Amino acid sequence: MSDTPVYLSYPCLKGREIDYVTECLKSEWVSTSGAYVTRFEQAIADYVGAPGAVACVNGTAALHICLLLAGVKAGDEVLVPTLTFIAAVNAVRYVNAEPVFMDCDDYLNLDVAKVEQFLAEECGPAAQGVIHKRTGRPIRAVIAVHVFGSLCELDRLMAVAERHRLVVIEDATEALGSRMRRGAWAGRHAGMVGDFGCYSFNGNKIITCGGGGMIVARSAQALARAKYLTTQAKDDPLHYVHHEVGYNYRLTALQAAMGLAQLEQLPGFIQRKRAQYLEYKARLAAIPGLRLLDVPDYGESNHWLHSLVIEEARYGLGRDLLRQKFAAARIETRPIWTLNHTQRPYRHNRAYRIEKAPFYFDRVLNIPSSAGLTDEEFERVMEVLRRR
Ligand SMILES: Cc1ncc(COP(=O)(O)O)c(C=O)c1O
């Protein structure tokens, strides 16, 4: 077998990327006002069934704008999962608000039952919504992250949020193409259930522009405001009059051209990743102490990243030693993120009954999941897992 590197999640650029980027270059409209930006926005909006979409430089900027759209202000609090990439948590600080950390469920997503418990035990009603009794601060919003493409329990979260008048922001950066299968939101795409949603087109995501992001919402008015904020809040384009502080967050046409070509391939990518998921799951069933993390049956995942759960006592190796074995075989794998409530900028923030997240942090390893993963690469991964 070959010993060329096998990567965790690399881009698959086998569509019309070169054609569209070349066309964009030839047009000389390469910057943020190029037609490819609006074409890409419209294509994403059509795909997820949104009234529009607003392209951003990256998913983190998109999250920042979503918090502004949600009306989160300095001194407010926002409920966030401890188990996620830190971008959503940092975005809360960008608006001078404070994160309150929540635990995960068995799919690694926000534990909505614990969100309910937290609101019942530590919060009380206020004129504008809900107050955290420990700090006296209003809780304005909750950020639901669809971890590795697996859908958060949105039905239940939306009901809780409505009861407590919380704005729901979906961090669907990893979940473009995932959709609800059951319940009140059946058929809805990740990002299109809450008040605001965002996607990322970072190099490791299911589709990529090299870097990029997108905001979606059900309200056309909110989308117009997102466009205004991401384009420097320009109130008069001739004399450059600005009534608010804006941001230079718009995606360029060159990136959008690549994104459009990637989006055309998304259904095929999801199909391949779903097939990988089923194959990994079936093959891992024969190895005691290993299993593939399930996805919830109320949703259809895009299966962006596959997660191995390792039971060290039965398998004979723990997460770190297994990762080293993969590295020796030139196969990239990755543990999940250090929990955010333990990160230095956030150690003093409230973290409510964090119990499952440390359990999964110790046991989960993400394994090669690229849409372009070959059969030979897949066999190399399985070979390392069998040879313990
Ligand atoms: C869960 C999550 N949130 C936010 C982001 C931020 O997206 P970006 O890298 O495009 O800023 C990422 C990915 O990088 C992510 O995985």
# chains A, B, ... in the order shown; residues from 1 in each chain; ligands from 1

call {"tool": "residues_near_ligand", "arguments": {"ligand": "ligand 1", "cutoff": "8 Å", "atoms": "only C-alpha atoms and all ligand atoms", "output": "mmCIF file with N, CA, C and O atoms, in the first residue's frame"}}
result
data_model
loop_
_atom_site.group_PDB
_atom_site.id
_atom_site.type_symbol
_atom_site.label_atom_id
_atom_site.label_comp_id
_atom_site.auth_asym_id
_atom_site.auth_seq_id
_atom_site.Cartn_x
_atom_site.Cartn_y
_atom_site.Cartn_z
ATOM 1 N N VAL A 57 -16.676 37.174 4.433
ATOM 2 C CA VAL A 57 -15.285 36.734 4.273
ATOM 3 C C VAL A 57 -15.020 35.363 4.907
ATOM 4 O O VAL A 57 -14.142 34.639 4.469
ATOM 5 N N ASN A 58 -15.756 35.056 5.957
ATOM 6 C CA ASN A 58 -15.615 33.727 6.579
ATOM 7 C C ASN A 58 -16.793 33.468 7.517
ATOM 8 O O ASN A 58 -17.633 34.363 7.730
ATOM 9 N N GLY A 59 -16.847 32.281 8.065
ATOM 10 C CA GLY A 59 -17.955 31.907 8.942
ATOM 11 C C GLY A 59 -17.930 32.670 10.253
ATOM 12 O O GLY A 59 -18.984 32.951 10.838
ATOM 13 N N THR A 60 -16.734 33.023 10.722
ATOM 14 C CA THR A 60 -16.628 33.750 11.993
ATOM 15 C C THR A 60 -17.247 35.144 11.856
ATOM 16 O O THR A 60 -17.996 35.593 12.734
ATOM 17 N N ALA A 61 -16.964 35.814 10.732
ATOM 18 C CA ALA A 61 -17.559 37.129 10.473
ATOM 19 C C ALA A 61 -19.082 36.991 10.367
ATOM 20 O O ALA A 61 -19.836 37.839 10.863
ATOM 21 N N ALA A 62 -19.536 35.911 9.737
ATOM 22 C CA ALA A 62 -20.980 35.675 9.602
ATOM 23 C C ALA A 62 -21.619 35.532 10.993
ATOM 24 O O ALA A 62 -22.692 36.088 11.264
ATOM 25 N N LEU A 63 -20.944 34.824 11.899
ATOM 26 C CA LEU A 63 -21.456 34.673 13.267
ATOM 27 C C LEU A 63 -21.511 36.018 13.986
ATOM 28 O O LEU A 63 -22.463 36.318 14.705
ATOM 29 N N THR A 84 -17.331 22.953 20.929
ATOM 30 C CA THR A 84 -17.406 23.432 19.547
ATOM 31 C C THR A 84 -16.131 24.180 19.235
ATOM 32 O O THR A 84 -15.346 24.486 20.141
ATOM 33 N N PHE A 85 -15.928 24.489 17.961
ATOM 34 C CA PHE A 85 -14.823 25.361 17.588
ATOM 35 C C PHE A 85 -15.084 26.727 18.227
ATOM 36 O O PHE A 85 -16.228 27.186 18.282
ATOM 37 N N ILE A 86 -14.031 27.395 18.669
ATOM 38 C CA ILE A 86 -14.160 28.585 19.529
ATOM 39 C C ILE A 86 -14.760 29.807 18.821
ATOM 40 O O ILE A 86 -15.138 30.782 19.473
ATOM 41 N N ALA A 87 -14.887 29.766 17.486
ATOM 42 C CA ALA A 87 -15.324 30.950 16.733
ATOM 43 C C ALA A 87 -16.644 31.533 17.248
ATOM 44 O O ALA A 87 -16.761 32.760 17.411
ATOM 45 N N ALA A 88 -17.629 30.683 17.514
ATOM 46 C CA ALA A 88 -18.937 31.193 17.946
ATOM 47 C C ALA A 88 -18.829 31.857 19.319
ATOM 48 O O ALA A 88 -19.528 32.840 19.602
ATOM 49 N N VAL A 145 -24.888 24.839 17.536
ATOM 50 C CA VAL A 145 -23.884 24.435 16.535
ATOM 51 C C VAL A 145 -24.234 23.019 16.072
ATOM 52 O O VAL A 145 -24.488 22.150 16.910
ATOM 53 N N HIS A 146 -24.267 22.796 14.779
ATOM 54 C CA HIS A 146 -24.522 21.445 14.258
ATOM 55 C C HIS A 146 -23.155 20.793 14.061
ATOM 56 O O HIS A 146 -22.537 20.919 12.999
ATOM 57 N N VAL A 147 -22.707 20.105 15.099
ATOM 58 C CA VAL A 147 -21.317 19.633 15.144
ATOM 59 C C VAL A 147 -21.066 18.523 14.117
ATOM 60 O O VAL A 147 -21.788 17.516 14.088
ATOM 61 N N PHE A 148 -20.070 18.720 13.296
ATOM 62 C CA PHE A 148 -19.638 17.771 12.256
ATOM 63 C C PHE A 148 -20.763 17.445 11.256
ATOM 64 O O PHE A 148 -20.737 16.407 10.602
ATOM 65 N N ASP A 171 -25.231 27.965 14.151
ATOM 66 C CA ASP A 171 -23.893 27.879 13.578
ATOM 67 C C ASP A 171 -23.904 26.601 12.735
ATOM 68 O O ASP A 171 -23.635 25.500 13.218
ATOM 69 N N ALA A 172 -24.303 26.784 11.467
ATOM 70 C CA ALA A 172 -24.386 25.650 10.538
ATOM 71 C C ALA A 172 -23.149 25.626 9.646
ATOM 72 O O ALA A 172 -23.193 25.142 8.512
ATOM 73 N N THR A 173 -22.043 26.162 10.184
ATOM 74 C CA THR A 173 -20.808 26.258 9.392
ATOM 75 C C THR A 173 -20.343 24.893 8.899
ATOM 76 O O THR A 173 -19.679 24.799 7.882
ATOM 77 N N GLU A 174 -20.684 23.839 9.672
ATOM 78 C CA GLU A 174 -20.237 22.494 9.287
ATOM 79 C C GLU A 174 -21.374 21.695 8.665
ATOM 80 O O GLU A 174 -21.202 20.508 8.389
ATOM 81 N N TYR A 199 -23.010 29.667 7.370
ATOM 82 C CA TYR A 199 -22.198 28.579 6.802
ATOM 83 C C TYR A 199 -20.766 29.051 6.661
ATOM 84 O O TYR A 199 -20.500 30.254 6.577
ATOM 85 N N SER A 200 -19.843 28.086 6.597
ATOM 86 C CA SER A 200 -18.426 28.408 6.364
ATOM 87 C C SER A 200 -17.956 27.676 5.116
ATOM 88 O O SER A 200 -18.357 26.533 4.864
ATOM 89 N N PHE A 201 -17.089 28.345 4.376
ATOM 90 C CA PHE A 201 -16.472 27.727 3.191
ATOM 91 C C PHE A 201 -14.966 27.673 3.360
ATOM 92 O O PHE A 201 -14.203 27.852 2.407
ATOM 93 N N ASN A 202 -14.550 27.469 4.606
ATOM 94 C CA ASN A 202 -13.145 27.265 4.929
ATOM 95 C C ASN A 202 -12.637 26.025 4.164
ATOM 96 O O ASN A 202 -13.433 25.175 3.758
ATOM 97 N N ASN A 204 -11.460 23.236 4.873
ATOM 98 C CA ASN A 204 -11.770 21.873 5.321
ATOM 99 C C ASN A 204 -13.262 21.558 5.268
ATOM 100 O O ASN A 204 -13.667 20.438 5.576
ATOM 101 N N LYS A 205 -14.109 22.517 4.874
ATOM 102 C CA LYS A 205 -15.557 22.310 4.946
ATOM 103 C C LYS A 205 -16.073 21.513 3.735
ATOM 104 O O LYS A 205 -15.330 21.251 2.795
ATOM 105 N N GLY A 211 -11.674 30.310 1.604
ATOM 106 C CA GLY A 211 -12.184 30.878 2.844
ATOM 107 C C GLY A 211 -13.446 31.623 2.484
ATOM 108 O O GLY A 211 -13.531 32.200 1.398
ATOM 109 N N GLY A 212 -14.428 31.613 3.351
ATOM 110 C CA GLY A 212 -15.665 32.334 3.047
ATOM 111 C C GLY A 212 -16.768 31.927 4.002
ATOM 112 O O GLY A 212 -16.619 30.970 4.777
ATOM 113 N N GLY A 213 -17.835 32.683 3.970
ATOM 114 C CA GLY A 213 -18.984 32.378 4.834
ATOM 115 C C GLY A 213 -20.252 32.915 4.212
ATOM 116 O O GLY A 213 -20.207 33.625 3.192
#

call {"tool": "closest_atom_pairs", "arguments": {"of": "segment 121-165 of chain A", "to": "segment 68-82 of chain A", "cutoff": "10 Å", "atoms": "only C-alpha atoms", "output": "tab-separated table"}}
result
residue	atom	partner	partner_atom	distance
A:Ile131	CA	A:Glu77	CA	9.0
A:His132	CA	A:Glu77	CA	8.2
A:Thr135	CA	A:Glu77	CA	9.4
A:Gly136	CA	A:Asp76	CA	9.5
A:Arg137	CA	A:Asp76	CA	5.8
A:Pro138	CA	A:Asp76	CA	5.2
A:Ile139	CA	A:Glu77	CA	4.6
A:Arg140	CA	A:Val78	CA	5.9
A:Ala141	CA	A:Val78	CA	5.0
A:Val142	CA	A:Leu79	CA	4.5
A:Ile143	CA	A:Val80	CA	5.3
A:Ala144	CA	A:Val80	CA	7.1
A:Val145	CA	A:Pro81	CA	7.5

call {"tool": "write_last_selection", "arguments": {"atoms": "all heavy atoms", "output": "short mmCIF file (atom, residue, chain, number, x, y, z; two decimals), in the first residue's frame"}}
result
data_model
loop_
_atom_site.label_atom_id
_atom_site.label_comp_id
_atom_site.auth_asym_id
_atom_site.auth_seq_id
_atom_site.Cartn_x
_atom_site.Cartn_y
_atom_site.Cartn_z
N ILE A 131 -33.64 36.70 32.66
CA ILE A 131 -32.46 37.22 33.38
C ILE A 131 -31.72 36.06 34.05
O ILE A 131 -32.36 35.16 34.60
CB ILE A 131 -32.92 38.22 34.48
CG1 ILE A 131 -33.44 39.51 33.86
CG2 ILE A 131 -31.81 38.51 35.49
CD1 ILE A 131 -32.40 40.54 33.54
N HIS A 132 -30.41 36.08 33.98
CA HIS A 132 -29.60 35.10 34.70
C HIS A 132 -29.49 35.62 36.14
O HIS A 132 -28.89 36.66 36.38
CB HIS A 132 -28.22 35.01 34.03
CG HIS A 132 -27.38 33.89 34.53
ND1 HIS A 132 -26.11 33.66 34.06
CD2 HIS A 132 -27.62 32.92 35.46
CE1 HIS A 132 -25.60 32.60 34.69
NE2 HIS A 132 -26.50 32.14 35.53
N THR A 135 -26.02 36.61 37.80
CA THR A 135 -25.27 37.78 37.34
C THR A 135 -26.15 39.01 37.15
O THR A 135 -25.63 40.12 37.01
CB THR A 135 -24.62 37.48 35.96
OG1 THR A 135 -25.68 37.16 35.04
CG2 THR A 135 -23.65 36.31 36.03
N GLY A 136 -27.44 38.79 37.11
CA GLY A 136 -28.36 39.91 36.87
C GLY A 136 -28.39 40.35 35.40
O GLY A 136 -29.01 41.34 35.05
N ARG A 137 -27.71 39.59 34.53
CA ARG A 137 -27.65 39.99 33.12
C ARG A 137 -28.75 39.33 32.30
O ARG A 137 -29.09 38.17 32.55
CB ARG A 137 -26.31 39.56 32.51
CG ARG A 137 -25.12 40.26 33.07
CD ARG A 137 -23.94 39.89 32.18
NE ARG A 137 -22.72 40.49 32.65
CZ ARG A 137 -21.64 39.81 33.02
NH1 ARG A 137 -21.65 38.49 32.97
NH2 ARG A 137 -20.57 40.42 33.43
N PRO A 138 -29.24 40.02 31.27
CA PRO A 138 -30.22 39.37 30.38
C PRO A 138 -29.55 38.30 29.50
O PRO A 138 -28.41 38.49 29.07
CB PRO A 138 -30.72 40.51 29.49
CG PRO A 138 -29.87 41.70 29.77
CD PRO A 138 -28.95 41.41 30.92
N ILE A 139 -30.27 37.23 29.28
CA ILE A 139 -29.80 36.22 28.31
C ILE A 139 -30.58 36.48 27.04
O ILE A 139 -31.80 36.41 27.02
CB ILE A 139 -30.02 34.80 28.83
CG1 ILE A 139 -29.21 34.62 30.12
CG2 ILE A 139 -29.60 33.76 27.79
CD1 ILE A 139 -29.30 33.28 30.75
N ARG A 140 -29.86 36.82 25.99
CA ARG A 140 -30.52 37.30 24.78
C ARG A 140 -30.68 36.21 23.73
O ARG A 140 -31.66 36.22 22.98
CB ARG A 140 -29.66 38.45 24.21
CG ARG A 140 -30.36 39.35 23.27
CD ARG A 140 -31.37 40.27 23.92
NE ARG A 140 -30.76 41.21 24.84
CZ ARG A 140 -31.44 41.97 25.69
NH1 ARG A 140 -32.76 41.89 25.76
NH2 ARG A 140 -30.82 42.81 26.50
N ALA A 141 -29.71 35.32 23.64
CA ALA A 141 -29.70 34.39 22.49
C ALA A 141 -29.06 33.07 22.87
O ALA A 141 -28.42 32.94 23.92
CB ALA A 141 -28.94 35.04 21.34
N VAL A 142 -29.27 32.10 22.01
CA VAL A 142 -28.61 30.80 22.14
C VAL A 142 -28.01 30.45 20.78
O VAL A 142 -28.63 30.71 19.74
CB VAL A 142 -29.59 29.71 22.66
CG1 VAL A 142 -30.85 29.60 21.81
CG2 VAL A 142 -28.92 28.34 22.75
N ILE A 143 -26.78 29.93 20.81
CA ILE A 143 -26.15 29.51 19.54
C ILE A 143 -26.14 27.99 19.49
O ILE A 143 -25.56 27.32 20.36
CB ILE A 143 -24.71 30.05 19.41
CG1 ILE A 143 -24.70 31.59 19.52
CG2 ILE A 143 -24.09 29.59 18.08
CD1 ILE A 143 -23.34 32.24 19.35
N ALA A 144 -26.83 27.45 18.49
CA ALA A 144 -26.87 25.99 18.29
C ALA A 144 -25.87 25.65 17.19
O ALA A 144 -25.97 26.16 16.08
CB ALA A 144 -28.27 25.58 17.85
N VAL A 145 -24.89 24.84 17.54
CA VAL A 145 -23.88 24.44 16.53
C VAL A 145 -24.23 23.02 16.07
O VAL A 145 -24.49 22.15 16.91
CB VAL A 145 -22.46 24.44 17.14
CG1 VAL A 145 -21.42 24.14 16.07
CG2 VAL A 145 -22.16 25.77 17.82
#

call {"tool": "residues_around", "arguments": {"residues": "segment 293-301 of chain A", "least_positions_apart": "3", "cutoff": "7 Å", "atoms": "only C-alpha atoms", "output": "ChimeraX atom specification"}}
result
/A:107,149-151,178-182,307-309

call {"tool": "write_last_selection", "arguments": {"atoms": "N, CA and C atoms", "output": "PDB file, in the first residue's frame"}}
result
ATOM      1  N   TYR A 107     -24.813  13.219  20.639  1.00  0.00           N
ATOM      2  CA  TYR A 107     -24.420  13.479  19.241  1.00  0.00           C
ATOM      3  C   TYR A 107     -23.415  14.627  19.177  1.00  0.00           C
ATOM      4  N   GLY A 149     -21.774  18.320  11.191  1.00  0.00           N
ATOM      5  CA  GLY A 149     -22.855  18.138  10.225  1.00  0.00           C
ATOM      6  C   GLY A 149     -24.106  17.513  10.810  1.00  0.00           C
ATOM      7  N   SER A 150     -23.989  17.023  12.048  1.00  0.00           N
ATOM      8  CA  SER A 150     -25.098  16.353  12.724  1.00  0.00           C
ATOM      9  C   SER A 150     -26.043  17.406  13.311  1.00  0.00           C
ATOM     10  N   LEU A 151     -27.340  17.248  13.123  1.00  0.00           N
ATOM     11  CA  LEU A 151     -28.254  18.322  13.534  1.00  0.00           C
ATOM     12  C   LEU A 151     -28.516  18.363  15.032  1.00  0.00           C
ATOM     13  N   SER A 178     -27.297  19.560   5.501  1.00  0.00           N
ATOM     14  CA  SER A 178     -28.011  18.749   6.496  1.00  0.00           C
ATOM     15  C   SER A 178     -29.426  19.306   6.608  1.00  0.00           C
ATOM     16  N   ARG A 179     -30.398  18.426   6.830  1.00  0.00           N
ATOM     17  CA  ARG A 179     -31.763  18.939   6.981  1.00  0.00           C
ATOM     18  C   ARG A 179     -32.596  18.116   7.954  1.00  0.00           C
ATOM     19  N   MET A 180     -33.637  18.776   8.456  1.00  0.00           N
ATOM     20  CA  MET A 180     -34.518  18.104   9.419  1.00  0.00           C
ATOM     21  C   MET A 180     -35.362  17.062   8.676  1.00  0.00           C
ATOM     22  N   ARG A 181     -35.569  15.927   9.338  1.00  0.00           N
ATOM     23  CA  ARG A 181     -36.353  14.868   8.710  1.00  0.00           C
ATOM     24  C   ARG A 181     -37.751  14.793   9.342  1.00  0.00           C
ATOM     25  N   ARG A 182     -37.813  15.114  10.638  1.00  0.00           N
ATOM     26  CA  ARG A 182     -39.074  14.955  11.383  1.00  0.00           C
ATOM     27  C   ARG A 182     -39.430  16.225  12.136  1.00  0.00           C
ATOM     28  N   SER A 307     -16.758  10.546  13.197  1.00  0.00           N
ATOM     29  CA  SER A 307     -16.120  10.517  14.522  1.00  0.00           C
ATOM     30  C   SER A 307     -16.091   9.100  15.070  1.00  0.00           C
ATOM     31  N   LEU A 308     -14.892   8.702  15.452  1.00  0.00           N
ATOM     32  CA  LEU A 308     -14.694   7.395  16.068  1.00  0.00           C
ATOM     33  C   LEU A 308     -14.823   7.563  17.580  1.00  0.00           C
ATOM     34  N   VAL A 309     -15.537   6.652  18.249  1.00  0.00           N
ATOM     35  CA  VAL A 309     -15.588   6.693  19.718  1.00  0.00           C
ATOM     36  C   VAL A 309     -14.805   5.479  20.222  1.00  0.00           C
TER      37      VAL A 309
END

call {"tool": "residues_around", "arguments": {"residues": "Gly183 of chain A", "least_positions_apart": "2", "cutoff": "7 Å", "atoms": "only C-alpha atoms", "output": "JSON, numbers by chain"}}
result
{"A": [155, 185, 186]}

call {"tool": "atom_distance", "arguments": {"atom1": "atom CA of Leu251 of chain A", "atom2": "atom CA of Thr38 of chain A"}}
result
10.0 Å

call {"tool": "select_by_dssp", "arguments": {"residues": "segment 34-92 of chain A", "states": "strand (DSSP E or B)", "output": "list in words"}}
result
Ala53, Val54, Ala55, Cys56, Glu77, Val78, Leu79, Val80 and Pro81 of chain A

call {"tool": "write_last_selection", "arguments": {"atoms": "N, CA and C atoms", "output": "mmCIF file, in the first residue's frame"}}
result
data_model
loop_
_atom_site.group_PDB
_atom_site.id
_atom_site.type_symbol
_atom_site.label_atom_id
_atom_site.label_comp_id
_atom_site.auth_asym_id
_atom_site.auth_seq_id
_atom_site.Cartn_x
_atom_site.Cartn_y
_atom_site.Cartn_z
ATOM 1 N N ALA A 53 -29.415 35.481 0.748
ATOM 2 C CA ALA A 53 -28.242 35.086 1.524
ATOM 3 C C ALA A 53 -27.209 36.199 1.387
ATOM 4 N N VAL A 54 -26.365 36.338 2.397
ATOM 5 C CA VAL A 54 -25.365 37.415 2.385
ATOM 6 C C VAL A 54 -23.978 36.805 2.564
ATOM 7 N N ALA A 55 -23.147 37.005 1.550
ATOM 8 C CA ALA A 55 -21.810 36.398 1.550
ATOM 9 C C ALA A 55 -20.862 37.177 2.459
ATOM 10 N N CYS A 56 -20.010 36.427 3.162
ATOM 11 C CA CYS A 56 -19.062 37.037 4.117
ATOM 12 C C CYS A 56 -17.661 36.489 3.878
ATOM 13 N N GLU A 77 -25.894 38.130 27.973
ATOM 14 C CA GLU A 77 -25.295 36.789 27.960
ATOM 15 C C GLU A 77 -25.905 35.976 26.822
ATOM 16 N N VAL A 78 -25.094 35.034 26.329
ATOM 17 C CA VAL A 78 -25.526 34.171 25.221
ATOM 18 C C VAL A 78 -25.173 32.737 25.591
ATOM 19 N N LEU A 79 -26.120 31.816 25.418
ATOM 20 C CA LEU A 79 -25.861 30.405 25.715
ATOM 21 C C LEU A 79 -25.114 29.786 24.534
ATOM 22 N N VAL A 80 -24.011 29.108 24.859
ATOM 23 C CA VAL A 80 -23.187 28.487 23.807
ATOM 24 C C VAL A 80 -22.747 27.103 24.262
ATOM 25 N N PRO A 81 -22.484 26.203 23.320
ATOM 26 C CA PRO A 81 -21.954 24.897 23.738
ATOM 27 C C PRO A 81 -20.473 25.013 24.109
#

call {"tool": "residues_around", "arguments": {"residues": "segment 233-245 of chain A", "least_positions_apart": "5", "cutoff": "12 Å", "atoms": "only C-alpha atoms", "output": "list in words"}}
result
Ile65, Leu68, Ala224, Arg225, Ala226, Lys227, Tyr228 and Arg250 of chain A

call {"tool": "residues_around", "arguments": {"residues": "Gly318 of chain A", "least_positions_apart": "5", "cutoff": "12 Å", "atoms": "only C-alpha atoms", "output": "list in words"}}
result
Gly289, Leu290, Leu308, Val309, Ile310, Glu311, Glu312, Ala313, Arg323, Gln324, Lys325, Pro335, Phe361, Asp362, Arg363, Val364, Leu365, Leu385 and Arg388 of chain A

call {"tool": "write_last_selection", "arguments": {"atoms": "N, CA, C and O atoms", "output": "PDB file, in the first residue's frame"}}
result
ATOM      1  N   GLY A 289     -14.656  -2.375  21.043  1.00  0.00           N
ATOM      2  CA  GLY A 289     -14.111  -1.161  21.664  1.00  0.00           C
ATOM      3  C   GLY A 289     -14.128   0.060  20.756  1.00  0.00           C
ATOM      4  O   GLY A 289     -13.786   1.158  21.186  1.00  0.00           O
ATOM      5  N   LEU A 290     -14.523  -0.132  19.499  1.00  0.00           N
ATOM      6  CA  LEU A 290     -14.627   1.014  18.589  1.00  0.00           C
ATOM      7  C   LEU A 290     -16.054   1.103  18.054  1.00  0.00           C
ATOM      8  O   LEU A 290     -16.695   0.091  17.808  1.00  0.00           O
ATOM      9  N   LEU A 308     -14.892   8.702  15.452  1.00  0.00           N
ATOM     10  CA  LEU A 308     -14.694   7.395  16.068  1.00  0.00           C
ATOM     11  C   LEU A 308     -14.823   7.563  17.580  1.00  0.00           C
ATOM     12  O   LEU A 308     -14.285   8.526  18.126  1.00  0.00           O
ATOM     13  N   VAL A 309     -15.537   6.652  18.249  1.00  0.00           N
ATOM     14  CA  VAL A 309     -15.588   6.693  19.718  1.00  0.00           C
ATOM     15  C   VAL A 309     -14.805   5.479  20.222  1.00  0.00           C
ATOM     16  O   VAL A 309     -15.111   4.337  19.850  1.00  0.00           O
ATOM     17  N   ILE A 310     -13.792   5.749  21.039  1.00  0.00           N
ATOM     18  CA  ILE A 310     -12.871   4.682  21.465  1.00  0.00           C
ATOM     19  C   ILE A 310     -13.099   4.339  22.930  1.00  0.00           C
ATOM     20  O   ILE A 310     -13.024   5.206  23.802  1.00  0.00           O
ATOM     21  N   GLU A 311     -13.354   3.071  23.163  1.00  0.00           N
ATOM     22  CA  GLU A 311     -13.488   2.591  24.550  1.00  0.00           C
ATOM     23  C   GLU A 311     -12.164   1.891  24.859  1.00  0.00           C
ATOM     24  O   GLU A 311     -11.950   0.734  24.462  1.00  0.00           O
ATOM     25  N   GLU A 312     -11.291   2.612  25.536  1.00  0.00           N
ATOM     26  CA  GLU A 312      -9.899   2.184  25.686  1.00  0.00           C
ATOM     27  C   GLU A 312      -9.767   0.785  26.315  1.00  0.00           C
ATOM     28  O   GLU A 312      -8.988  -0.046  25.830  1.00  0.00           O
ATOM     29  N   ALA A 313     -10.558   0.513  27.360  1.00  0.00           N
ATOM     30  CA  ALA A 313     -10.414  -0.767  28.073  1.00  0.00           C
ATOM     31  C   ALA A 313     -10.679  -1.946  27.140  1.00  0.00           C
ATOM     32  O   ALA A 313     -10.023  -2.986  27.223  1.00  0.00           O
ATOM     33  N   ARG A 323      -4.058   7.895  17.751  1.00  0.00           N
ATOM     34  CA  ARG A 323      -3.728   9.021  16.860  1.00  0.00           C
ATOM     35  C   ARG A 323      -2.262   8.932  16.428  1.00  0.00           C
ATOM     36  O   ARG A 323      -1.925   9.149  15.266  1.00  0.00           O
ATOM     37  N   GLN A 324      -1.385   8.542  17.374  1.00  0.00           N
ATOM     38  CA  GLN A 324       0.041   8.418  17.025  1.00  0.00           C
ATOM     39  C   GLN A 324       0.265   7.304  16.008  1.00  0.00           C
ATOM     40  O   GLN A 324       1.099   7.404  15.113  1.00  0.00           O
ATOM     41  N   LYS A 325      -0.490   6.222  16.166  1.00  0.00           N
ATOM     42  CA  LYS A 325      -0.361   5.123  15.184  1.00  0.00           C
ATOM     43  C   LYS A 325      -0.790   5.589  13.790  1.00  0.00           C
ATOM     44  O   LYS A 325      -0.157   5.269  12.788  1.00  0.00           O
ATOM     45  N   PRO A 335      -8.325  14.908  17.355  1.00  0.00           N
ATOM     46  CA  PRO A 335      -9.219  14.881  18.518  1.00  0.00           C
ATOM     47  C   PRO A 335     -10.184  16.057  18.434  1.00  0.00           C
ATOM     48  O   PRO A 335      -9.946  16.980  17.648  1.00  0.00           O
ATOM     49  N   PHE A 361     -14.724  14.270  24.862  1.00  0.00           N
ATOM     50  CA  PHE A 361     -13.423  14.868  24.521  1.00  0.00           C
ATOM     51  C   PHE A 361     -12.318  13.808  24.649  1.00  0.00           C
ATOM     52  O   PHE A 361     -11.437  13.709  23.789  1.00  0.00           O
ATOM     53  N   ASP A 362     -12.391  12.995  25.696  1.00  0.00           N
ATOM     54  CA  ASP A 362     -11.348  11.982  25.930  1.00  0.00           C
ATOM     55  C   ASP A 362     -11.406  10.822  24.932  1.00  0.00           C
ATOM     56  O   ASP A 362     -10.433  10.095  24.780  1.00  0.00           O
ATOM     57  N   ARG A 363     -12.557  10.588  24.336  1.00  0.00           N
ATOM     58  CA  ARG A 363     -12.748   9.353  23.564  1.00  0.00           C
ATOM     59  C   ARG A 363     -12.939   9.507  22.058  1.00  0.00           C
ATOM     60  O   ARG A 363     -12.947   8.505  21.340  1.00  0.00           O
ATOM     61  N   VAL A 364     -13.121  10.735  21.592  1.00  0.00           N
ATOM     62  CA  VAL A 364     -13.462  10.886  20.161  1.00  0.00           C
ATOM     63  C   VAL A 364     -12.229  11.268  19.332  1.00  0.00           C
ATOM     64  O   VAL A 364     -11.412  12.087  19.739  1.00  0.00           O
ATOM     65  N   LEU A 365     -12.127  10.622  18.186  1.00  0.00           N
ATOM     66  CA  LEU A 365     -11.076  10.943  17.222  1.00  0.00           C
ATOM     67  C   LEU A 365     -11.750  11.025  15.851  1.00  0.00           C
ATOM     68  O   LEU A 365     -12.439  10.081  15.443  1.00  0.00           O
ATOM     69  N   LEU A 385      -6.715   0.577  12.166  1.00  0.00           N
ATOM     70  CA  LEU A 385      -7.669   0.290  13.241  1.00  0.00           C
ATOM     71  C   LEU A 385      -7.656  -1.195  13.629  1.00  0.00           C
ATOM     72  O   LEU A 385      -7.795  -1.547  14.801  1.00  0.00           O
ATOM     73  N   ARG A 388      -4.205  -3.254  16.130  1.00  0.00           N
ATOM     74  CA  ARG A 388      -3.878  -2.599  17.398  1.00  0.00           C
ATOM     75  C   ARG A 388      -2.844  -3.359  18.226  1.00  0.00           C
ATOM     76  O   ARG A 388      -2.624  -4.515  18.028  1.00  0.00           O
TER      77      ARG A 388
END

call {"tool": "closest_residue", "arguments": {"among": "A:Ser370, A:Gln265, A:Thr230, A:Gln128", "to": "Tyr277 of chain A", "atoms": "only C-alpha atoms"}}
result
A:Ser370

call {"tool": "closest_residue", "arguments": {"among": "A:Tyr7, A:Trp337, A:Tyr352, A:Phe359", "to": "Glu122 of chain A", "atoms": "only C-alpha atoms"}}
result
A:Tyr352
